[in-house]
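The structure under discussion appears below in the form of structure tokens.
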Amino acid sequence: MIWLIAVAALAVGAVIGLAVHHLWVRAAVAAADPEASGSGSVSQALTRSRHLRERASSERAAAELELRRLRGSLDELETGIVVCDRAGEVVARNRAAAVFAAARHGEALVSRAVTELLERARAGEAGARDIELATHPRRIYHVGAAPVVEAGDEAGPGEVLGAVAFVRDVTDQQRIDEVRRDFVANMSHELKTPVGALSLLAEALGAESAADEALVGRIREEAQRVARTIDDLMALSYVEGEPPTDERVDVGAVVAGAVERISEAAGQRRVGVRVLAGSVSIRGSAVQLESAVFNLLDNAVKFSEPGGTVELVVARDDGGVAVSVQDRGIGIPRAEQDRIFERFYRIDKARSRLTGGTGLGLAIVRHAVLNHGGEVEVDSREGEGSIFTIRLPVPSPDAEAMPDG
């Protein structure tokens, strides 16, 4: 999206530049007029005027050529691009976007969404939405818009020059995502039964007096590891495929549920969990949010040294709520921090095998938080520990008293 906005911003700049250039030419010609200047010979004034006109004509031709190149480049994009000025007038629309502007049926909904989002973007508010058309076959378009702002300085941000909108056909992408989610969900359900049977067989084998205890323990351990992986796959498939329910959720209760779930594992590793949380309500899914907080606690406990403490704090944060989980464990290398939310990505594979990590926990966190319009951040240093922070929006009528943190 960033490069699309950059190209569109150049188009806006070129259009505005042509207008400014036209005014400059008029002023330069007026300044060279012998009657206006009142000094110098007529021949010198005419020569100076001719040079100014030639220079202006050359620069105008170069600007028009650059504008044609930009418009030609935009026409080659499969993504629709619409650029408007600060007054809301459309100054550029590539070929892909022109299809929606001329539409009369379902695609007209896309054109309407572009107009609405551009209006909000001109006021400085970026936004996006998905438009699903009830056509055969079904089509889904992702529409977004953002303000085009001139470079600011120390005094503050620059002035809004206009806005740019883009339209992408995401039908195939969403269809592939649905197939992948269905495959993962179905395979996970199918694998639950044989893995459960393996665990039972290990228990039965362990009951035999002649059985090798070490072998039985290894079978039981591997069966539990597969079961954890399946559970995480099912959880990830759930948060990816199910939009959060629009219910009132007490964040304090969500935190309490996650802490209770992690208490046994924390006790086994002799890691304490300290909580500072008040009561605040948001709209969303308690199941998804508890899963997110639990996975952060699970990671913090696994990577803490025995005898350490994990701190969980819920506090107000710029009109929203922040849930922070801090450990003083091994930390995360800076070079790895951009990838830790990817599926199956594990920094230390050897340690992950020892702790039973699947590499899916942080992916679950990210998807659950994004589903609620929030964001997740990490601040970590090797050897000092990590702080993961979930930031969620809170509707002001639902906000209640919170600790200052």
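Chains: A, B, ... in order of the structure tokens. Residues: from 1 per chain. Ligands: from 1, in order shown.
Near Phe166 (chain A), within 7 Å and counting only C-alpha atoms, sit Thr79, Gly80, Ile81, Val82, Val143, Gly144 and Ala145 of chain A; same-chain residues fewer than 6 positions away were not included.
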Take the residues from that selection and put them in a file with C-alpha atoms, as an mmCIF file, in the first residue's frame.
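Output file part.cif follows:
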```cif
data_model
loop_
_atom_site.group_PDB
_atom_site.id
_atom_site.type_symbol
_atom_site.label_atom_id
_atom_site.label_comp_id
_atom_site.auth_asym_id
_atom_site.auth_seq_id
_atom_site.Cartn_x
_atom_site.Cartn_y
_atom_site.Cartn_z
ATOM 1 C CA THR A 79 -4.992 -2.115 -8.445
ATOM 2 C CA GLY A 80 -7.415 0.754 -8.987
ATOM 3 C CA ILE A 81 -6.050 4.160 -7.953
ATOM 4 C CA VAL A 82 -8.077 7.353 -7.472
ATOM 5 C CA VAL A 143 -11.009 -0.569 -0.678
ATOM 6 C CA GLY A 144 -8.777 1.806 1.258
ATOM 7 C CA ALA A 145 -7.903 5.497 1.344
#
```
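Omitting region 374-377 of chain A and its sequence neighbours fewer than 3 positions away, and counting only C-alpha atoms, the residues within 7 Å are A:Arg366, A:Val369, A:Leu370, A:Phe388, A:Thr389, A:Ile390, A:Arg391, A:Leu392, A:Pro393.
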Restricting it to C-alpha atoms, dump the selection as an mmCIF file, in the first residue's frame.
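Dumped everything to part-v2.cif:
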```cif
data_model
loop_
_atom_site.group_PDB
_atom_site.id
_atom_site.type_symbol
_atom_site.label_atom_id
_atom_site.label_comp_id
_atom_site.auth_asym_id
_atom_site.auth_seq_id
_atom_site.Cartn_x
_atom_site.Cartn_y
_atom_site.Cartn_z
ATOM 1 C CA ARG A 366 -1.524 -11.212 16.464
ATOM 2 C CA VAL A 369 -5.677 -8.627 18.467
ATOM 3 C CA LEU A 370 -6.118 -7.534 14.824
ATOM 4 C CA PHE A 388 4.703 -7.735 24.964
ATOM 5 C CA THR A 389 1.896 -5.171 24.919
ATOM 6 C CA ILE A 390 -1.587 -5.609 23.481
ATOM 7 C CA ARG A 391 -3.354 -2.304 22.783
ATOM 8 C CA LEU A 392 -7.120 -2.428 22.297
ATOM 9 C CA PRO A 393 -9.638 0.349 21.584
#
```
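Excluding region 303-316 of chain A and any residue on its chain fewer than 5 positions from it, the residues at most 8 Å away by only C-alpha atoms are Gly252, Arg269, Arg270, Val271, Gly272, Val273, Arg274, Val275, Leu276, Ala277, Gly278, Leu297, Val321, Ala322, Val323, Ser324, Val325, Gln326, Asp327, Arg328, Gly329, Ile330, Met402, Pro403, Asp404 and Gly405 of chain A.
Across region 67-152 of chain A, DSSP run on the backbone finds strand (DSSP E or B) at A:Gly80, A:Ile81, A:Val82, A:Val83, A:Cys84, A:Asp85, A:Val90, A:Val91, A:Ala92, A:Arg93, A:Gly127, A:Ala128, A:Arg129, A:Asp130, A:Ile131, A:Glu132, A:Leu133, A:Arg139, A:Ile140, A:Tyr141, A:His142, A:Val143, A:Gly144, A:Ala145, A:Ala146, A:Pro147, A:Val148, A:Val149.
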Kindly export the residues of the current selection with C-alpha atoms, as a PDB file, in the first residue's frame.
```pdb
ATOM      1  CA  GLY A  80      -7.415   0.754  -8.987  1.00  0.00           C
ATOM      2  CA  ILE A  81      -6.050   4.160  -7.953  1.00  0.00           C
ATOM      3  CA  VAL A  82      -8.077   7.353  -7.472  1.00  0.00           C
ATOM      4  CA  VAL A  83      -6.481  10.668  -6.466  1.00  0.00           C
ATOM      5  CA  CYS A  84      -8.391  13.788  -5.456  1.00  0.00           C
ATOM      6  CA  ASP A  85      -7.277  17.275  -4.490  1.00  0.00           C
ATOM      7  CA  VAL A  90     -10.661  13.811  -8.839  1.00  0.00           C
ATOM      8  CA  VAL A  91      -7.345  14.715 -10.496  1.00  0.00           C
ATOM      9  CA  ALA A  92      -6.207  11.217 -11.454  1.00  0.00           C
ATOM     10  CA  ARG A  93      -7.923   7.865 -11.965  1.00  0.00           C
ATOM     11  CA  GLY A 127      -9.624   3.892   6.430  1.00  0.00           C
ATOM     12  CA  ALA A 128     -10.369   0.633   4.626  1.00  0.00           C
ATOM     13  CA  ARG A 129     -13.186  -1.853   4.154  1.00  0.00           C
ATOM     14  CA  ASP A 130     -14.032  -5.029   2.231  1.00  0.00           C
ATOM     15  CA  ILE A 131     -16.911  -4.958  -0.255  1.00  0.00           C
ATOM     16  CA  GLU A 132     -18.461  -8.329  -1.117  1.00  0.00           C
ATOM     17  CA  LEU A 133     -20.600  -8.395  -4.244  1.00  0.00           C
ATOM     18  CA  ARG A 139     -16.270 -11.042  -5.953  1.00  0.00           C
ATOM     19  CA  ILE A 140     -14.600  -9.349  -2.967  1.00  0.00           C
ATOM     20  CA  TYR A 141     -12.812  -6.006  -3.202  1.00  0.00           C
ATOM     21  CA  HIS A 142     -10.615  -4.346  -0.599  1.00  0.00           C
ATOM     22  CA  VAL A 143     -11.009  -0.569  -0.678  1.00  0.00           C
ATOM     23  CA  GLY A 144      -8.777   1.806   1.258  1.00  0.00           C
ATOM     24  CA  ALA A 145      -7.903   5.497   1.344  1.00  0.00           C
ATOM     25  CA  ALA A 146      -5.329   7.718   3.017  1.00  0.00           C
ATOM     26  CA  PRO A 147      -4.584  11.448   3.079  1.00  0.00           C
ATOM     27  CA  VAL A 148      -1.746  12.843   0.938  1.00  0.00           C
ATOM     28  CA  VAL A 149       0.212  15.170   3.229  1.00  0.00           C
TER      29      VAL A 149
END
```
> Between CA of Ser237 (chain A) and CA of Met187 (chain A), what is the spacing in Å?
Replying inline: 11.1 Å
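Across A:Arg112, A:Arg343, A:His51, A:Arg122, the tightest approach to Gly88 (chain A) is made by A:Arg122 when counting only C-alpha atoms.
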